>>> print(open('query.pdb').read())   # PDB, C-alpha atoms
ATOM      1  CA  MET A  24      28.253  -2.404  69.317
ATOM      2  CA  GLU A  25      24.780  -3.445  70.386
ATOM      3  CA  ALA A  26      23.401  -0.244  68.865
ATOM      4  CA  LEU A  27      25.157  -0.971  65.522
ATOM      5  CA  LYS A  28      23.799  -4.480  65.452
ATOM      6  CA  ALA A  29      20.333  -3.161  66.126
ATOM      7  CA  LEU A  30      20.566  -0.764  63.167
ATOM      8  CA  ARG A  31      22.108  -3.284  60.773
ATOM      9  CA  LYS A  32      18.969  -5.279  60.055
ATOM     10  CA  PRO A  33      16.742  -2.245  59.306
ATOM     11  CA  ALA A  34      19.456  -0.818  57.056
ATOM     12  CA  ILE A  35      19.741  -4.042  55.071
ATOM     13  CA  ALA A  36      15.983  -4.161  54.729
ATOM     14  CA  VAL A  37      15.905  -0.590  53.364
ATOM     15  CA  VAL A  38      18.625  -1.392  50.798
ATOM     16  CA  LEU A  39      16.837  -4.504  49.621
ATOM     17  CA  LEU A  40      13.568  -2.606  49.344
ATOM     18  CA  GLY A  41      15.271   0.073  47.252
ATOM     19  CA  LEU A  42      16.740  -2.513  44.894
ATOM     20  CA  LEU A  43      13.373  -4.163  44.451
ATOM     21  CA  LEU A  44      11.737  -0.853  43.641
ATOM     22  CA  MET A  45      14.423  -0.026  41.082
ATOM     23  CA  TYR A  46      14.301  -3.469  39.474
ATOM     24  CA  ASP A  47      12.284  -3.724  36.265
ATOM     25  CA  PRO A  48      12.235  -7.319  34.946
ATOM     26  CA  ASN A  49      11.179  -6.223  31.472
ATOM     27  CA  ARG A  50      13.864  -3.551  31.238
ATOM     28  CA  ALA A  51      16.523  -5.894  32.581
ATOM     29  CA  PHE A  52      16.025  -7.962  29.477
ATOM     30  CA  ALA A  53      15.272  -5.011  27.202
ATOM     31  CA  ALA A  54      14.200  -5.586  23.643
ATOM     32  CA  SER A  55      16.762  -6.707  21.105
ATOM     33  CA  GLY A  56      16.516  -5.361  17.564
ATOM     34  CA  GLY A  57      16.821  -6.651  14.013
ATOM     35  CA  ARG A  58      17.802  -4.459  11.083
ATOM     36  CA  MET A  59      18.112  -5.111   7.346
ATOM     37  CA  GLY A  60      18.297  -2.987   4.201
ATOM     38  CA  GLY A  61      20.678  -0.688   2.402
ATOM     39  CA  ARG A  62      21.220   2.617   0.609
ATOM     40  CA  SER A  63      22.143   3.602  -2.945
ATOM     41  CA  PHE A  64      21.993   7.415  -2.742
ATOM     42  CA  SER A  65      25.583   7.988  -3.844
ATOM     43  CA  SER A  66      25.401   5.770  -6.926
ATOM     44  CA  ARG A  67      22.093   7.309  -8.040
ATOM     45  CA  SER A  68      23.434  10.821  -7.472
ATOM     46  CA  SER A  69      26.486  10.186  -9.666
ATOM     47  CA  MET A  70      24.302   8.668 -12.382
ATOM     48  CA  SER A  71      21.982  11.664 -12.260
ATOM     49  CA  SER A  72      24.809  14.200 -12.486
ATOM     50  CA  SER A  73      26.506  12.408 -15.400
ATOM     51  CA  SER A  74      23.376  12.295 -17.524
ATOM     52  CA  SER A  75      22.650  15.378 -19.614
ATOM     53  CA  ARG A  76      19.364  16.628 -20.969
ATOM     54  CA  SER A  77      18.716  19.030 -23.808
ATOM     55  CA  TYR A  78      15.812  21.399 -24.086
ATOM     56  CA  SER A  79      14.591  23.402 -27.046
ATOM     57  CA  VAL A  80      14.884  27.131 -26.537
ATOM     58  CA  PRO A  81      12.847  29.673 -28.531
ATOM     59  CA  SER A  82      14.835  31.478 -31.194
ATOM     60  CA  GLY A  83      16.089  35.041 -30.832
ATOM     61  CA  SER A  84      13.758  38.000 -30.596
ATOM     62  CA  GLY A  85      14.794  39.787 -33.786
ATOM     63  CA  PHE A  86      12.418  40.056 -36.781
ATOM     64  CA  SER A  87      12.566  41.321 -40.323
ATOM     65  CA  TYR A  88      10.394  44.080 -41.711
ATOM     66  CA  SER A  89       9.857  42.001 -44.824
ATOM     67  CA  VAL A  90       7.752  38.982 -43.843
ATOM     68  CA  PRO A  91       5.555  36.470 -45.652
ATOM     69  CA  TYR A  92       1.839  36.761 -45.060
ATOM     70  CA  TYR A  93      -0.006  33.627 -43.913
ATOM     71  CA  ALA A  94      -3.732  33.392 -44.493
ATOM     72  CA  PRO A  95      -6.324  30.620 -44.714
ATOM     73  CA  SER A  96      -6.886  29.342 -48.246
ATOM     74  CA  PRO A  97     -10.460  28.951 -49.543
ATOM     75  CA  PHE A  98      -9.374  25.570 -50.976
ATOM     76  CA  GLY A  99      -8.058  24.240 -47.624
ATOM     77  CA  GLY A 100      -4.659  24.545 -46.028
ATOM     78  CA  VAL A 101      -2.754  27.771 -45.631
ATOM     79  CA  TYR A 102      -2.014  30.330 -48.342
ATOM     80  CA  VAL A 103       1.433  31.908 -48.212
ATOM     81  CA  ALA A 104       1.637  35.262 -49.923
ATOM     82  CA  PRO A 105       4.870  36.787 -51.126
ATOM     83  CA  ALA A 106       6.892  38.768 -48.673
ATOM     84  CA  VAL A 107       5.616  42.268 -48.284
ATOM     85  CA  GLY A 108       7.073  45.272 -46.540
ATOM     86  CA  VAL A 109       5.285  46.306 -43.401
ATOM     87  CA  GLY A 110       5.429  49.518 -41.528
ATOM     88  CA  ALA A 111       4.915  50.287 -37.868
ATOM     89  CA  GLY A 112       1.411  51.573 -38.502
ATOM     90  CA  SER A 113       0.144  48.928 -40.923
ATOM     91  CA  SER A 114      -2.309  46.170 -40.096
ATOM     92  CA  PHE A 115       0.206  43.579 -41.327
ATOM     93  CA  PHE A 116       2.664  44.807 -38.699
ATOM     94  CA  LEU A 117       0.073  44.431 -35.946
ATOM     95  CA  ILE A 118      -0.808  40.926 -37.126
ATOM     96  CA  PHE A 119       2.852  39.950 -37.164
ATOM     97  CA  MET A 120       3.444  41.357 -33.688
ATOM     98  CA  GLY A 121       0.428  39.448 -32.348
ATOM     99  CA  PHE A 122       1.682  36.215 -33.894
ATOM    100  CA  ALA A 123       5.189  36.749 -32.466
ATOM    101  CA  ALA A 124       3.757  37.421 -29.020
ATOM    102  CA  PHE A 125       1.697  34.218 -29.233
ATOM    103  CA  VAL A 126       4.795  32.178 -30.114
ATOM    104  CA  LEU A 127       6.821  33.675 -27.271
ATOM    105  CA  VAL A 128       4.073  33.102 -24.675
ATOM    106  CA  SER A 129       3.515  29.524 -25.879
ATOM    107  CA  GLY A 130       7.229  28.786 -25.612
ATOM    108  CA  PHE A 131       7.374  30.267 -22.126
ATOM    109  CA  LEU A 132       4.429  28.189 -20.918
ATOM    110  CA  SER A 133       5.925  25.073 -22.493
ATOM    111  CA  ASP A 134       9.222  25.641 -20.683
ATOM    112  CA  ARG A 135       7.377  26.175 -17.401
ATOM    113  CA  SER A 136       5.520  22.892 -17.936
ATOM    114  CA  GLU A 137       8.774  21.022 -18.636
ATOM    115  CA  ASP A 138      10.410  22.576 -15.562
ATOM    116  CA  SER A 139       7.445  21.536 -13.413
ATOM    117  CA  LEU A 140       7.608  17.960 -14.738
ATOM    118  CA  LEU A 141      11.353  17.828 -14.133
ATOM    119  CA  ALA A 142      10.925  19.131 -10.593
ATOM    120  CA  GLY A 143       8.361  16.400  -9.904
ATOM    121  CA  THR A 144      10.695  13.645 -11.052
ATOM    122  CA  GLN A 145      13.606  15.044  -9.004
ATOM    123  CA  LYS A 146      11.648  14.964  -5.738
ATOM    124  CA  THR A 147      12.352  12.250  -3.185
ATOM    125  CA  SER A 148       9.711  10.626  -0.986
ATOM    126  CA  VAL A 149      10.796   9.425   2.459
ATOM    127  CA  VAL A 150       8.257   6.965   3.855
ATOM    128  CA  LYS A 151       7.887   5.738   7.418
ATOM    129  CA  PHE A 152       5.529   2.861   8.145
ATOM    130  CA  GLN A 153       5.144   1.354  11.598
ATOM    131  CA  VAL A 154       2.949  -1.415  12.943
ATOM    132  CA  GLY A 155       2.430  -2.892  16.388
ATOM    133  CA  LEU A 156       1.596  -6.581  16.733
ATOM    134  CA  LEU A 157       0.710  -8.995  19.472
ATOM    135  CA  GLY A 158       3.654 -10.944  20.842
ATOM    136  CA  MET A 159       2.079 -14.175  19.645
ATOM    137  CA  ALA A 160       3.251 -13.411  16.096
ATOM    138  CA  ARG A 161       6.381 -15.538  16.482
ATOM    139  CA  ALA A 162       6.060 -16.820  12.921
ATOM    140  CA  LEU A 163       6.461 -13.240  11.712
ATOM    141  CA  GLN A 164       9.655 -12.865  13.734
ATOM    142  CA  ARG A 165      11.007 -15.999  12.080
ATOM    143  CA  ASP A 166      10.020 -14.669   8.633
ATOM    144  CA  LEU A 167      11.945 -11.437   9.216
ATOM    145  CA  ASN A 168      14.966 -13.346  10.505
ATOM    146  CA  ARG A 169      14.924 -15.537   7.390
ATOM    147  CA  ILE A 170      14.666 -12.550   5.045
ATOM    148  CA  ALA A 171      17.524 -10.783   6.836
ATOM    149  CA  GLU A 172      19.778 -13.818   6.661
ATOM    150  CA  THR A 173      19.224 -14.503   2.947
ATOM    151  CA  ALA A 174      18.616 -11.107   1.293
ATOM    152  CA  ASP A 175      21.115  -9.420  -1.021
ATOM    153  CA  THR A 176      21.327  -5.905   0.401
ATOM    154  CA  SER A 177      23.875  -4.584  -2.097
ATOM    155  CA  SER A 178      21.534  -3.958  -5.050
ATOM    156  CA  PRO A 179      18.239  -2.144  -5.720
ATOM    157  CA  GLU A 180      16.689  -5.486  -6.651
ATOM    158  CA  GLY A 181      17.697  -6.912  -3.285
ATOM    159  CA  LEU A 182      16.236  -3.910  -1.481
ATOM    160  CA  GLY A 183      13.040  -4.339  -3.477
ATOM    161  CA  TYR A 184      12.965  -7.981  -2.393
ATOM    162  CA  ILE A 185      13.219  -6.973   1.279
ATOM    163  CA  LEU A 186      10.439  -4.420   0.918
ATOM    164  CA  THR A 187       8.123  -6.792  -0.945
ATOM    165  CA  GLU A 188       8.719  -9.807   1.307
ATOM    166  CA  THR A 189       8.291  -7.789   4.502
ATOM    167  CA  SER A 190       5.050  -6.287   3.210
ATOM    168  CA  LEU A 191       3.761  -9.742   2.257
ATOM    169  CA  ALA A 192       4.720 -11.187   5.647
ATOM    170  CA  LEU A 193       2.644  -8.506   7.368
ATOM    171  CA  LEU A 194      -0.257  -8.945   4.966
ATOM    172  CA  ARG A 195      -0.311 -12.650   5.852
ATOM    173  CA  HIS A 196      -0.709 -11.909   9.578
ATOM    174  CA  PRO A 197      -3.483  -9.286   9.749
ATOM    175  CA  ASP A 198      -5.027 -10.742  12.920
ATOM    176  CA  TYR A 199      -1.928  -9.907  14.947
ATOM    177  CA  CYS A 200      -1.803  -6.225  13.931
ATOM    178  CA  ILE A 201      -3.203  -3.962  16.654
ATOM    179  CA  SER A 202      -1.834  -0.487  15.819
ATOM    180  CA  GLY A 203      -0.248   1.414  12.956
ATOM    181  CA  TYR A 204       1.266   4.660  11.724
ATOM    182  CA  SER A 205       2.417   6.072   8.390
ATOM    183  CA  SER A 206       3.993   9.292   7.147
ATOM    184  CA  VAL A 207       5.527  10.591   3.919
ATOM    185  CA  ASP A 208       8.061  13.432   3.763
ATOM    186  CA  LEU A 209       8.413  14.876   0.266
ATOM    187  CA  LYS A 210      11.854  16.410  -0.243
ATOM    188  CA  ARG A 211      12.966  18.674  -3.089
ATOM    189  CA  SER A 212      16.219  16.834  -3.760
ATOM    190  CA  MET A 213      17.922  13.497  -3.272
ATOM    191  CA  GLU A 214      20.343  15.032  -0.757
ATOM    192  CA  GLU A 215      17.497  16.274   1.442
ATOM    193  CA  GLY A 216      15.826  12.876   1.152
ATOM    194  CA  GLU A 217      18.999  11.104   2.267
ATOM    195  CA  LYS A 218      19.345  13.412   5.272
ATOM    196  CA  ARG A 219      15.766  12.770   6.381
ATOM    197  CA  PHE A 220      16.095   9.010   5.867
ATOM    198  CA  ASN A 221      19.236   8.923   8.023
ATOM    199  CA  GLN A 222      17.488  10.909  10.758
ATOM    200  CA  LEU A 223      14.609   8.446  10.898
ATOM    201  CA  SER A 224      16.979   5.483  10.889
ATOM    202  CA  ILE A 225      19.046   6.813  13.807
ATOM    203  CA  GLU A 226      15.884   7.632  15.728
ATOM    204  CA  GLU A 227      14.534   4.092  15.424
ATOM    205  CA  ARG A 228      17.859   2.361  16.056
ATOM    206  CA  GLY A 229      18.263   4.335  19.276
ATOM    207  CA  LYS A 230      15.282   2.471  20.725
ATOM    208  CA  PHE A 231      17.191  -0.840  20.709
ATOM    209  CA  ASP A 232      19.569  -1.849  23.476
ATOM    210  CA  GLU A 233      21.414  -4.006  20.956
ATOM    211  CA  GLU A 234      21.108  -4.925  17.287
ATOM    212  CA  THR A 235      21.332  -8.686  17.442
ATOM    213  CA  LEU A 236      20.743  -9.392  13.728
ATOM    214  CA  VAL A 237      22.018  -7.035  11.006
ATOM    215  CA  ASN A 238      22.248  -7.241   7.221
ATOM    216  CA  VAL A 239      22.793  -3.741   5.805
ATOM    217  CA  ASN A 240      24.681  -3.045   2.558
ATOM    218  CA  SER A 241      26.105  -6.595   2.682
ATOM    219  CA  ILE A 242      27.484  -6.042   6.197
ATOM    220  CA  LYS A 243      26.156  -8.921   8.297
ATOM    221  CA  ARG A 244      26.282  -9.371  12.034
ATOM    222  CA  LYS A 245      24.513 -11.757  14.377
ATOM    223  CA  SER A 246      24.768 -12.105  18.129
ATOM    224  CA  THR A 247      22.710 -13.414  21.012
ATOM    225  CA  GLY A 248      23.866 -10.641  23.345
ATOM    226  CA  GLY A 249      22.662 -10.904  26.908
ATOM    227  CA  VAL A 250      19.185 -12.029  25.900
ATOM    228  CA  ARG A 251      17.834 -15.181  27.528
ATOM    229  CA  ALA A 252      14.527 -16.581  28.680
ATOM    230  CA  ASN A 253      13.338 -14.560  31.706
ATOM    231  CA  GLY A 254      10.013 -16.178  32.500
ATOM    232  CA  PHE A 255       7.962 -13.353  31.007
ATOM    233  CA  SER A 256       5.886 -13.878  27.880
ATOM    234  CA  ASN A 257       6.449 -11.449  25.040
ATOM    235  CA  GLU A 258       3.631  -8.932  24.901
ATOM    236  CA  TYR A 259       4.228  -6.972  21.694
ATOM    237  CA  ILE A 260       6.296  -6.723  18.510
ATOM    238  CA  VAL A 261       6.952  -3.499  16.598
ATOM    239  CA  ILE A 262       8.066  -3.393  12.958
ATOM    240  CA  THR A 263       9.250  -0.213  11.251
ATOM    241  CA  ILE A 264       9.743   0.145   7.492
ATOM    242  CA  LEU A 265      11.679   3.125   6.123
ATOM    243  CA  VAL A 266      11.820   3.797   2.374
ATOM    244  CA  ALA A 267      13.368   6.553   0.273
ATOM    245  CA  ALA A 268      12.231   6.522  -3.352
ATOM    246  CA  GLU A 269      12.488   8.768  -6.379
ATOM    247  CA  GLY A 270       9.340  10.653  -7.313
ATOM    248  CA  VAL A 271       6.131  11.241  -5.390
ATOM    249  CA  HIS A 272       4.707   8.345  -3.376
ATOM    250  CA  LYS A 273       1.754   8.473  -1.001
ATOM    251  CA  LEU A 274       0.421   6.309   1.819
ATOM    252  CA  PRO A 275      -3.000   6.535   3.454
ATOM    253  CA  VAL A 276      -3.384   7.722   7.033
ATOM    254  CA  ILE A 277      -3.850   4.535   9.034
ATOM    255  CA  ASN A 278      -7.092   4.569  10.987
ATOM    256  CA  GLY A 279      -8.041   0.926  10.587
ATOM    257  CA  SER A 280      -7.242  -2.431   9.043
ATOM    258  CA  ARG A 281      -8.327  -1.321   5.576
ATOM    259  CA  GLU A 282      -5.818   1.558   5.460
ATOM    260  CA  LEU A 283      -3.131  -0.713   6.895
ATOM    261  CA  LYS A 284      -3.665  -3.214   4.091
ATOM    262  CA  GLU A 285      -3.670  -0.479   1.445
ATOM    263  CA  ALA A 286      -0.430   1.007   2.807
ATOM    264  CA  LEU A 287       1.321  -2.385   2.757
ATOM    265  CA  GLN A 288       0.177  -3.032  -0.805
ATOM    266  CA  LYS A 289       1.538   0.335  -1.937
ATOM    267  CA  LEU A 290       4.837  -0.231  -0.145
ATOM    268  CA  GLY A 291       5.304  -3.654  -1.690
ATOM    269  CA  SER A 292       4.616  -2.342  -5.200
ATOM    270  CA  ILE A 293       7.235   0.438  -5.284
ATOM    271  CA  PRO A 294       9.477  -0.375  -8.313
ATOM    272  CA  SER A 295      13.026  -1.354  -7.420
ATOM    273  CA  SER A 296      14.256   1.107 -10.075
ATOM    274  CA  LYS A 297      12.853   3.944  -7.948
ATOM    275  CA  ILE A 298      14.182   2.738  -4.590
ATOM    276  CA  LEU A 299      17.025   4.774  -3.084
ATOM    277  CA  ALA A 300      17.060   3.176   0.363
ATOM    278  CA  VAL A 301      15.164   0.630   2.453
ATOM    279  CA  GLU A 302      15.475  -0.246   6.092
ATOM    280  CA  VAL A 303      13.347  -2.699   8.066
ATOM    281  CA  LEU A 304      13.715  -2.645  11.847
ATOM    282  CA  TRP A 305      11.901  -4.883  14.293
ATOM    283  CA  THR A 306      11.905  -5.530  18.006
ATOM    284  CA  PRO A 307      12.216  -7.864  19.735
ATOM    285  CA  GLN A 308      14.364  -9.806  17.306
ATOM    286  CA  ASN A 309      14.912 -12.727  19.657
ATOM    287  CA  GLU A 310      11.886 -14.895  20.333
ATOM    288  CA  ASN A 311      12.823 -15.171  24.014
ATOM    289  CA  ASP A 312      13.044 -11.401  24.383
ATOM    290  CA  THR A 313      10.197  -9.182  25.567
ATOM    291  CA  LEU A 314       8.635  -5.822  24.709
ATOM    292  CA  SER A 315       6.248  -4.692  27.423
ATOM    293  CA  GLU A 316       3.199  -2.492  27.054
ATOM    294  CA  ARG A 317       4.956   0.322  28.898
ATOM    295  CA  GLU A 318       7.895   0.169  26.497
ATOM    296  CA  LEU A 319       5.516   0.129  23.555
ATOM    297  CA  LEU A 320       3.746   3.281  24.753
ATOM    298  CA  GLU A 321       6.936   5.122  25.669
ATOM    299  CA  ASP A 322       9.075   4.288  22.634
ATOM    300  CA  TYR A 323       6.372   4.241  19.957
ATOM    301  CA  PRO A 324       3.867   6.993  20.842
ATOM    302  CA  LEU A 325       2.834   7.554  17.202
ATOM    303  CA  LEU A 326       1.166   4.146  16.907
ATOM    304  CA  ARG A 327      -2.616   4.409  16.822
ATOM    305  CA  PRO A 328      -5.016   1.542  17.633
ATOM    306  CA  LEU A 329      -6.667  -0.028  14.596
TER     307      LEU A 329
END
>>> encode(input="query.pdb", output="structure tokens")
Amino acid sequence: MEALKALRKPAIAVVLLGLLLMYDPNRAFAASGGRMGGRSFSSRSSMSSSSSRSYSVPSGSGFSYSVPYYAPSPFGGVYVAPAVGVGAGSSFFLIFMGFAAFVLVSGFLSDRSEDSLLAGTQKTSVVKFQVGLLGMARALQRDLNRIAETADTSSPEGLGYILTETSLALLRHPDYCISGYSSVDLKRSMEEGEKRFNQLSIEERGKFDEETLVNVNSIKRKSTGGVRANGFSNEYIVITILVAAEGVHKLPVINGSRELKEALQKLGSIPSSKILAVEVLWTPQNENDTLSERELLEDYPLLRPL
């Protein structure tokens, strides 16, 4: 018994030391997340499939051996001579064949140009914009909370409102921005764009322990979770903006404050008629929550200092 008592105190000390080493105060109160936005891929896809477009197609390839002869008139305009018979070896036949070839090639190039224009309009741009801010930007947290609680996320106009207001909120707090990142994935179809957008959304949402404020496609949810004041000051805030839009949209590579401002201006000016989906995610959502420097570096490695 004496031997057991002698070992008890060292054993308790080892257990307590292990618990202290495993304890991470910042992780114990891991960052909460806010999320707002919506999608309209399905409605746009049905509208696109129901609309029909007509294209002019060059006429058939047959020709008559009796053709009118077109020549410049000395008095201006074009002189049309009566139809004359042409043979395979005549100069009229060669002229006619050259003219027919010109028409066919012009029609082919015109169709190629129309197809290229159509392909450009059918492409979908999937944009990811991310910015890291100092934790002192509490006013920005409150702005995002207000937008999420009041925005209509069921219409393209409401999604445009979220995108514009979030961009403006960031533009009004440039001194707090310390890092940034942007990327644009250009997809050949709306379906591919939707798939990529969903992948990015799941990736970012997985970085939250809990979504404590949600307003997505008119589904609202708000909770305090297990977040409470823990005695640690918030170090950083990260905001992610995801956008899927019809057509080709570009953002500058963010190397400094000037590119960050330009990217936000371009994001905020995307027409609501072109928006297919918007999602704004930010962490921490709760003002009493914390995001440490280690968490920032581990979860958001793409952010580059401004």
>>> residues_around(input="query.pdb", residues="segment 176-190 of chain A", least_positions_apart="2", cutoff="10 Å", atoms="all atoms listed in the file", output="PyMOL selection string")
chain A and resi 59-63+163+166-167+170-171+173-174+192-195+238-243+262+264-266+284+286-303
>>> atom_distance(input="query.pdb", atom1="atom CA of Asp208 of chain A", atom2="atom CA of Arg317 of chain A")
28.5 Å
>>> closest_residue(input="query.pdb", among="A:Arg58, A:Lys151, A:His196, A:Lys210", to="Gly270 of chain A", atoms="all atoms listed in the file")
A:Lys210
>>> closest_residue(input="query.pdb", among="A:Lys245, A:Arg161, A:Lys230, A:Arg219", to="Ser148 of chain A", atoms="all atoms listed in the file")
A:Arg219
>>> closest_residue(input="query.pdb", among="A:Glu234, A:Thr306, A:Val261, A:Ser202", to="Gly279 of chain A", atoms="all atoms listed in the file")
A:Ser202
>>> residues_around(input="query.pdb", residues="Val271 of chain A", least_positions_apart="3", cutoff="12 Å", atoms="all atoms listed in the file", output="compact mmCIF listing (two decimals) with C-alpha atoms, in the frame of the given file")
# COMPACT_ATOMS: atom_id res chain seq x y z
CA LEU A 140 7.61 17.96 -14.74
CA ALA A 142 10.92 19.13 -10.59
CA GLY A 143 8.36 16.40 -9.90
CA THR A 144 10.70 13.64 -11.05
CA GLN A 145 13.61 15.04 -9.00
CA LYS A 146 11.65 14.96 -5.74
CA THR A 147 12.35 12.25 -3.18
CA SER A 148 9.71 10.63 -0.99
CA VAL A 149 10.80 9.43 2.46
CA VAL A 150 8.26 6.96 3.86
CA VAL A 207 5.53 10.59 3.92
CA ASP A 208 8.06 13.43 3.76
CA LEU A 209 8.41 14.88 0.27
CA LYS A 210 11.85 16.41 -0.24
CA ARG A 211 12.97 18.67 -3.09
CA SER A 212 16.22 16.83 -3.76
CA GLY A 216 15.83 12.88 1.15
CA ALA A 267 13.37 6.55 0.27
CA ALA A 268 12.23 6.52 -3.35
CA LEU A 274 0.42 6.31 1.82
CA ILE A 293 7.24 0.44 -5.28
CA LYS A 297 12.85 3.94 -7.95
CA ILE A 298 14.18 2.74 -4.59
